[in-house]
Amino acid sequence: MKSIYDMSYKQMEDWAESKGWKKFRVQQIFRWLYKERVEDFDAMTNLSKETRAELKKDFNFNPLTLVRKQESKDGTTKFLFRTEDNHLLESVMMVFDYGNSICVSSQVGCNMGCAFCASGLTKKSRNLTSAEMTAQVMHVQKALDAKGERLSHIVVMGTGEPFDNYDNVLNFIQTVNHDRGLAIGSRHITISTSGIVPKIRTFAEGHYQYNLAISLHAPNDELRTQIMPVNKAYPLKELMSAVEYYTSLNNRRLTFEYILLKGVNDSLEQARELARLLRPYCCYVNLIPYNSVDEHGFQSTTREEAMKFYDILKKEGIAVTIRKEHGSDIDAACGQLRIKEMKKEDALRLLSQKEETSGIPGKDPEIENVYDSEYAEDDMPASEPSEPADACKVK
Ligand code: SF4
């Protein structure tokens with residue numbers, strides 16, 4: 001059965017029409033879902049018993065169960081969820097001066113294979129449904145309801161490549177953006193892609209008001225191909241041509257995300273090269289401090305080096321910011337909480353298989369290592385919504 005969170009307003013209207021219902025029914029249903037935030041059709045008290053029965057026949061509610069929540073001193077909160085078919089996924093809520101922002105996952109695992117990324121450590125099992133993305137947002141909004149606060153920004157920058165799940169991501173965004181949905185403003189919603197060129201072009205043609213961010217992370221093809229395999233399929237020349245196409249159709253500034261990796265992409269010469277690459281485009285650069293992932297050998301650039309990199313871009317006329325670190329006292333890089341929980345569950349499964357075959361409850365040292373390493377203290381990155389993508393004059 002389908003979750004009702006899968007339905008955009010328009011889809012719900014079509015469904016209601018197929019039942020011969022008046023349009024205002026959909027207004028009522030959306031109000032219960034996204035303003036009152038009930039999770040039970042029987043709580044929709046201004047709908048008749050028959051109407052509720054029809055809804056129950058076709059839909060269920062929240063497709064995610066909360067497994068774990070970790071809260072940092074700075075308010076950053078990680079949510080680990082389980083899907084109905086037993087996959088784990090995570091979302092992060094961050095607190096900024098301008099509001100609360102959620103970083104949403106769009107896939108279970110990721111096939112893009114970026115060399116520095118915890119989320120890419122497991123291959124994609126499947127795309128998330130639009131309901132599973134909406135449910136991440138609803139869980140976080142409900143946690144905020146308890147404090148009388150609301151989510152103001154969404155970034156689709158968690159596990160997964162959103163443009164590899166294009167239709168579901170767009171459907172999800174339309175629901176949370178809709179006035180009768182969560183009413184999160186278009187300019188407060190950012191989709192971040194590793195650079196799937198054909199989908200950047202498709203997105204450009206949609207003339208959406210949502211922000212577009214591109215994970216760049218290298219100033220030239222040679223390095224980008226080493227750390228981001230997507231560059232083999234869509235090298236910089238093609239990527240930049242898609243960027244130009246996007247800005248020409250949308251008259252909007254886009255963001256380039258650049259994770260600073262010590263000794264890999266953070267030299268001053270690379271800063272100059274990056275400035276040369278980006279100067280012709282209407283964009284700004286978001287420099288991101290790296291948070292280490294046990295399984296990868298990369299290290300974070302020091303604050304001092306990051307500032308030098310920043311200064312060069314600035315001097316070269318590139319609009320640039322350095323992302324503030326969030327949640328450094330809780331579980332690590334994007335996707336890492338999920339990986340650790342998966343290891344723990346695998347270890348427990350192995351342990352119970354061993355016990356079943358030997359009949360002796362006991363500990364396997366190899367398994368114990370994995371289990372004990374859970375929730376070691378790491379730094380954690382935080383996806384941050386891009387600055388509002390101001391309209392820009394495209395030459
Ligand atoms: S950085 Fe994004 S696109 Fe790359 S592997 Fe990680 S989740 Fe996938």
# chains A, B, ... in the order shown; residues from 1 in each chain; ligands from 1
$ select_by_dssp --residues "range 59-306 of chain A" --states "helix (DSSP H, G or I)" --output "number ranges by chain"
A: 119-121, 130-145, 162-177, 186-188, 197-205, 221-227, 230-233, 236-250, 268-278, 303-306
$ residues_near_ligand --ligand "ligand 1" --cutoff "9 Å" --atoms "only C-alpha atoms and all ligand atoms" --output "MDAnalysis selection string"
chainID A and resid 105:107 109:124 157:162 192:195 215 228:230 334:335
$ select_by_dssp --residues "range 25-194 of chain A" --states "strand (DSSP E or B)" --output "VMD selection string"
chain A and resid 59 to 60 64 to 71 77 to 83 88 to 96 99 to 103 107 to 108 126 to 127 151 to 156 189 to 193
$ write_last_selection --atoms "C-alpha atoms" --output "PDB file, in the first residue's frame"
ATOM      1  CA  PHE A  59      -3.069   4.758   1.848  1.00  0.00           C
ATOM      2  CA  ASN A  60      -1.083   4.239   4.982  1.00  0.00           C
ATOM      3  CA  LEU A  64       9.882   5.391   8.399  1.00  0.00           C
ATOM      4  CA  THR A  65      10.575   4.331  11.969  1.00  0.00           C
ATOM      5  CA  LEU A  66      13.013   6.306  14.060  1.00  0.00           C
ATOM      6  CA  VAL A  67      15.899   4.066  15.185  1.00  0.00           C
ATOM      7  CA  ARG A  68      18.211   6.521  16.863  1.00  0.00           C
ATOM      8  CA  LYS A  69      18.669  10.229  17.458  1.00  0.00           C
ATOM      9  CA  GLN A  70      21.915  11.985  18.363  1.00  0.00           C
ATOM     10  CA  GLU A  71      21.965  15.573  19.508  1.00  0.00           C
ATOM     11  CA  THR A  77      20.603  16.483  15.506  1.00  0.00           C
ATOM     12  CA  LYS A  78      21.102  13.295  13.522  1.00  0.00           C
ATOM     13  CA  PHE A  79      18.116  11.043  12.895  1.00  0.00           C
ATOM     14  CA  LEU A  80      18.586   7.419  11.878  1.00  0.00           C
ATOM     15  CA  PHE A  81      15.508   5.810  10.298  1.00  0.00           C
ATOM     16  CA  ARG A  82      14.494   2.343   9.195  1.00  0.00           C
ATOM     17  CA  THR A  83      12.361   1.820   6.101  1.00  0.00           C
ATOM     18  CA  LEU A  88      18.658   2.365   7.220  1.00  0.00           C
ATOM     19  CA  LEU A  89      18.898   6.013   6.247  1.00  0.00           C
ATOM     20  CA  GLU A  90      19.762   9.229   8.000  1.00  0.00           C
ATOM     21  CA  SER A  91      18.867  12.894   8.061  1.00  0.00           C
ATOM     22  CA  VAL A  92      20.544  15.788   9.837  1.00  0.00           C
ATOM     23  CA  MET A  93      18.891  18.844  11.325  1.00  0.00           C
ATOM     24  CA  MET A  94      21.084  21.927  11.804  1.00  0.00           C
ATOM     25  CA  VAL A  95      20.441  25.174  13.565  1.00  0.00           C
ATOM     26  CA  PHE A  96      21.492  28.397  11.862  1.00  0.00           C
ATOM     27  CA  GLY A  99      16.466  29.048  10.892  1.00  0.00           C
ATOM     28  CA  ASN A 100      16.422  25.273  11.136  1.00  0.00           C
ATOM     29  CA  SER A 101      17.569  23.256   8.164  1.00  0.00           C
ATOM     30  CA  ILE A 102      17.290  19.570   7.338  1.00  0.00           C
ATOM     31  CA  CYS A 103      19.661  17.608   5.109  1.00  0.00           C
ATOM     32  CA  GLN A 107      18.716   7.051  -1.872  1.00  0.00           C
ATOM     33  CA  VAL A 108      19.659   4.016   0.208  1.00  0.00           C
ATOM     34  CA  ARG A 126      17.293   1.555  -4.151  1.00  0.00           C
ATOM     35  CA  ASN A 127      15.890   5.026  -4.611  1.00  0.00           C
ATOM     36  CA  LEU A 151      11.921  23.902   9.706  1.00  0.00           C
ATOM     37  CA  SER A 152      12.737  26.741   7.377  1.00  0.00           C
ATOM     38  CA  HIS A 153      15.251  25.184   4.945  1.00  0.00           C
ATOM     39  CA  ILE A 154      15.708  21.880   3.145  1.00  0.00           C
ATOM     40  CA  VAL A 155      18.842  20.633   1.399  1.00  0.00           C
ATOM     41  CA  VAL A 156      18.779  17.387  -0.555  1.00  0.00           C
ATOM     42  CA  ILE A 189      15.166  24.482  -0.833  1.00  0.00           C
ATOM     43  CA  THR A 190      18.457  23.305  -2.357  1.00  0.00           C
ATOM     44  CA  ILE A 191      19.204  20.256  -4.484  1.00  0.00           C
ATOM     45  CA  SER A 192      22.833  19.237  -4.592  1.00  0.00           C
ATOM     46  CA  THR A 193      24.185  17.087  -7.420  1.00  0.00           C
TER      47      THR A 193
END
$ residues_around --residues "Lys23 in chain A" --least-positions-apart "6" --cutoff "8 Å" --atoms "only C-alpha atoms" --output "JSON, numbers by chain"
{"A": [13, 16, 17]}
$ residues_around --residues "Asn211 in chain A" --least-positions-apart "2" --cutoff "12 Å" --atoms "only C-alpha atoms" --output "ChimeraX atom specification"
/A:153-157,173,185-193,200,203-204,207-209,213-214,246-247,250-256,283-284,385-391
$ write_last_selection --atoms "N, CA and C atoms" --output "tab-separated table (two decimals), in the first residue's frame"
chain	number	residue	atom	x	y	z
A	153	HIS	N	14.44	25.48	6.13
A	153	HIS	CA	15.25	25.18	4.94
A	153	HIS	C	15.37	23.67	4.74
A	154	ILE	N	15.46	23.29	3.48
A	154	ILE	CA	15.71	21.88	3.14
A	154	ILE	C	16.86	21.81	2.15
A	155	VAL	N	17.82	20.92	2.41
A	155	VAL	CA	18.84	20.63	1.40
A	155	VAL	C	18.79	19.14	1.10
A	156	VAL	N	18.74	18.81	-0.19
A	156	VAL	CA	18.78	17.39	-0.56
A	156	VAL	C	20.24	17.09	-0.85
A	157	MET	N	20.95	16.73	0.22
A	157	MET	CA	22.40	16.64	0.14
A	157	MET	C	22.91	15.51	1.04
A	173	ILE	N	9.76	17.52	-3.30
A	173	ILE	CA	9.96	18.95	-3.11
A	173	ILE	C	8.67	19.73	-3.36
A	185	GLY	N	9.62	27.72	1.57
A	185	GLY	CA	9.82	28.56	0.37
A	185	GLY	C	10.80	27.94	-0.63
A	186	SER	N	10.51	28.14	-1.91
A	186	SER	CA	11.37	27.57	-2.97
A	186	SER	C	12.83	27.95	-2.79
A	187	ARG	N	13.03	29.21	-2.40
A	187	ARG	CA	14.42	29.67	-2.30
A	187	ARG	C	15.10	29.17	-1.04
A	188	HIS	N	14.35	28.45	-0.23
A	188	HIS	CA	14.92	27.82	0.96
A	188	HIS	C	15.14	26.32	0.74
A	189	ILE	N	15.00	25.91	-0.52
A	189	ILE	CA	15.17	24.48	-0.83
A	189	ILE	C	16.32	24.34	-1.83
A	190	THR	N	17.28	23.48	-1.49
A	190	THR	CA	18.46	23.31	-2.36
A	190	THR	C	18.63	21.84	-2.74
A	191	ILE	N	18.86	21.61	-4.03
A	191	ILE	CA	19.20	20.26	-4.48
A	191	ILE	C	20.68	20.27	-4.85
A	192	SER	N	21.40	19.28	-4.33
A	192	SER	CA	22.83	19.24	-4.59
A	192	SER	C	23.19	18.01	-5.42
A	193	THR	N	23.82	18.21	-6.55
A	193	THR	CA	24.18	17.09	-7.42
A	193	THR	C	25.70	16.98	-7.56
A	200	ILE	N	20.95	18.09	-15.02
A	200	ILE	CA	21.10	19.54	-14.78
A	200	ILE	C	20.37	20.29	-15.89
A	203	PHE	N	16.64	19.92	-15.36
A	203	PHE	CA	16.25	20.78	-14.24
A	203	PHE	C	16.20	22.24	-14.70
A	204	ALA	N	17.18	22.63	-15.48
A	204	ALA	CA	17.22	24.01	-16.00
A	204	ALA	C	15.94	24.31	-16.78
A	207	HIS	N	12.66	25.50	-15.03
A	207	HIS	CA	12.55	26.88	-14.51
A	207	HIS	C	12.09	26.92	-13.05
A	208	TYR	N	12.61	26.01	-12.25
A	208	TYR	CA	12.22	25.99	-10.84
A	208	TYR	C	12.91	27.12	-10.09
A	209	GLN	N	12.28	27.51	-9.00
A	209	GLN	CA	12.88	28.54	-8.14
A	209	GLN	C	13.77	27.93	-7.04
A	213	ALA	N	22.86	23.27	-6.30
A	213	ALA	CA	24.26	23.25	-5.86
A	213	ALA	C	24.98	22.10	-6.57
A	214	ILE	N	26.24	22.35	-6.91
A	214	ILE	CA	27.02	21.30	-7.58
A	214	ILE	C	28.25	20.99	-6.73
A	246	TYR	N	22.02	26.33	-17.49
A	246	TYR	CA	21.13	26.55	-16.34
A	246	TYR	C	20.99	28.05	-16.04
A	247	THR	N	22.13	28.74	-15.98
A	247	THR	CA	22.06	30.17	-15.62
A	247	THR	C	21.40	30.98	-16.75
A	250	ASN	N	17.64	30.38	-16.30
A	250	ASN	CA	17.01	30.67	-15.01
A	250	ASN	C	17.43	31.99	-14.39
A	251	ASN	N	18.47	32.59	-14.92
A	251	ASN	CA	18.92	33.86	-14.39
A	251	ASN	C	19.14	33.77	-12.87
A	252	ARG	N	19.68	32.62	-12.45
A	252	ARG	CA	19.89	32.40	-11.02
A	252	ARG	C	21.33	31.98	-10.76
A	253	ARG	N	21.82	32.42	-9.62
A	253	ARG	CA	23.18	32.05	-9.24
A	253	ARG	C	23.16	30.65	-8.65
A	254	LEU	N	24.14	29.83	-9.01
A	254	LEU	CA	24.19	28.52	-8.36
A	254	LEU	C	25.43	28.40	-7.48
A	255	THR	N	25.42	27.35	-6.69
A	255	THR	CA	26.48	27.17	-5.69
A	255	THR	C	27.39	26.02	-6.11
A	256	PHE	N	28.70	26.23	-5.92
A	256	PHE	CA	29.63	25.10	-6.05
A	256	PHE	C	30.11	24.73	-4.65
A	283	CYS	N	27.98	32.41	-9.95
A	283	CYS	CA	27.97	31.36	-8.93
A	283	CYS	C	28.60	31.86	-7.64
A	284	TYR	N	28.50	31.05	-6.63
A	284	TYR	CA	29.36	31.28	-5.49
A	284	TYR	C	29.85	29.96	-4.95
A	385	PRO	N	22.51	24.68	4.13
A	385	PRO	CA	21.85	25.22	2.96
A	385	PRO	C	22.70	26.32	2.34
A	386	SER	N	22.65	26.38	1.07
A	386	SER	CA	23.41	27.42	0.40
A	386	SER	C	22.78	28.76	0.72
A	387	GLU	N	23.56	29.78	0.59
A	387	GLU	CA	22.99	31.12	0.73
A	387	GLU	C	21.93	31.28	-0.33
A	388	PRO	N	20.96	32.11	-0.08
A	388	PRO	CA	19.94	32.28	-1.11
A	388	PRO	C	20.59	32.57	-2.47
A	389	ALA	N	20.16	31.85	-3.47
A	389	ALA	CA	20.75	32.02	-4.78
A	389	ALA	C	20.13	33.24	-5.44
A	390	ASP	N	20.80	34.34	-5.28
A	390	ASP	CA	20.26	35.58	-5.82
A	390	ASP	C	20.18	35.51	-7.33
A	391	ALA	N	19.23	36.20	-7.83
A	391	ALA	CA	19.16	36.32	-9.28
A	391	ALA	C	20.43	37.02	-9.75
$ closest_residue --among "A:Thr45, A:Thr302, A:Asn220, A:Ser241" --to "Gln28 in chain A" --atoms "only C-alpha atoms"
A:Thr45
$ atom_distance --atom1 "CA of His139 in chain A" --atom2 "CA of Tyr210 in chain A"
22.2 Å
$ atom_distance --atom1 "CA of Phe298 in chain A" --atom2 "CA of Glu222 in chain A"
17.6 Å
$ decode --residues "range 231-250 of chain A" --atoms "C-alpha atoms" --output "PDB file, in the first residue's frame"
ATOM      1  CA  ASN A 231      33.771  13.193 -13.783  1.00  0.00           C
ATOM      2  CA  LYS A 232      34.710  10.405 -16.212  1.00  0.00           C
ATOM      3  CA  ALA A 233      31.184  10.414 -17.587  1.00  0.00           C
ATOM      4  CA  TYR A 234      30.685  14.190 -17.323  1.00  0.00           C
ATOM      5  CA  PRO A 235      34.019  16.043 -17.418  1.00  0.00           C
ATOM      6  CA  LEU A 236      34.304  19.701 -16.470  1.00  0.00           C
ATOM      7  CA  LYS A 237      33.783  21.020 -19.981  1.00  0.00           C
ATOM      8  CA  GLU A 238      30.375  19.330 -20.190  1.00  0.00           C
ATOM      9  CA  LEU A 239      29.525  20.217 -16.599  1.00  0.00           C
ATOM     10  CA  MET A 240      30.323  23.892 -17.125  1.00  0.00           C
ATOM     11  CA  SER A 241      28.367  23.978 -20.334  1.00  0.00           C
ATOM     12  CA  ALA A 242      25.349  22.624 -18.400  1.00  0.00           C
ATOM     13  CA  VAL A 243      25.957  25.296 -15.735  1.00  0.00           C
ATOM     14  CA  GLU A 244      25.919  27.970 -18.412  1.00  0.00           C
ATOM     15  CA  TYR A 245      22.708  26.520 -19.812  1.00  0.00           C
ATOM     16  CA  TYR A 246      21.134  26.552 -16.340  1.00  0.00           C
ATOM     17  CA  THR A 247      22.055  30.170 -15.624  1.00  0.00           C
ATOM     18  CA  SER A 248      21.006  31.304 -19.088  1.00  0.00           C
ATOM     19  CA  LEU A 249      17.528  29.815 -18.667  1.00  0.00           C
ATOM     20  CA  ASN A 250      17.015  30.672 -15.014  1.00  0.00           C
TER      21      ASN A 250
END
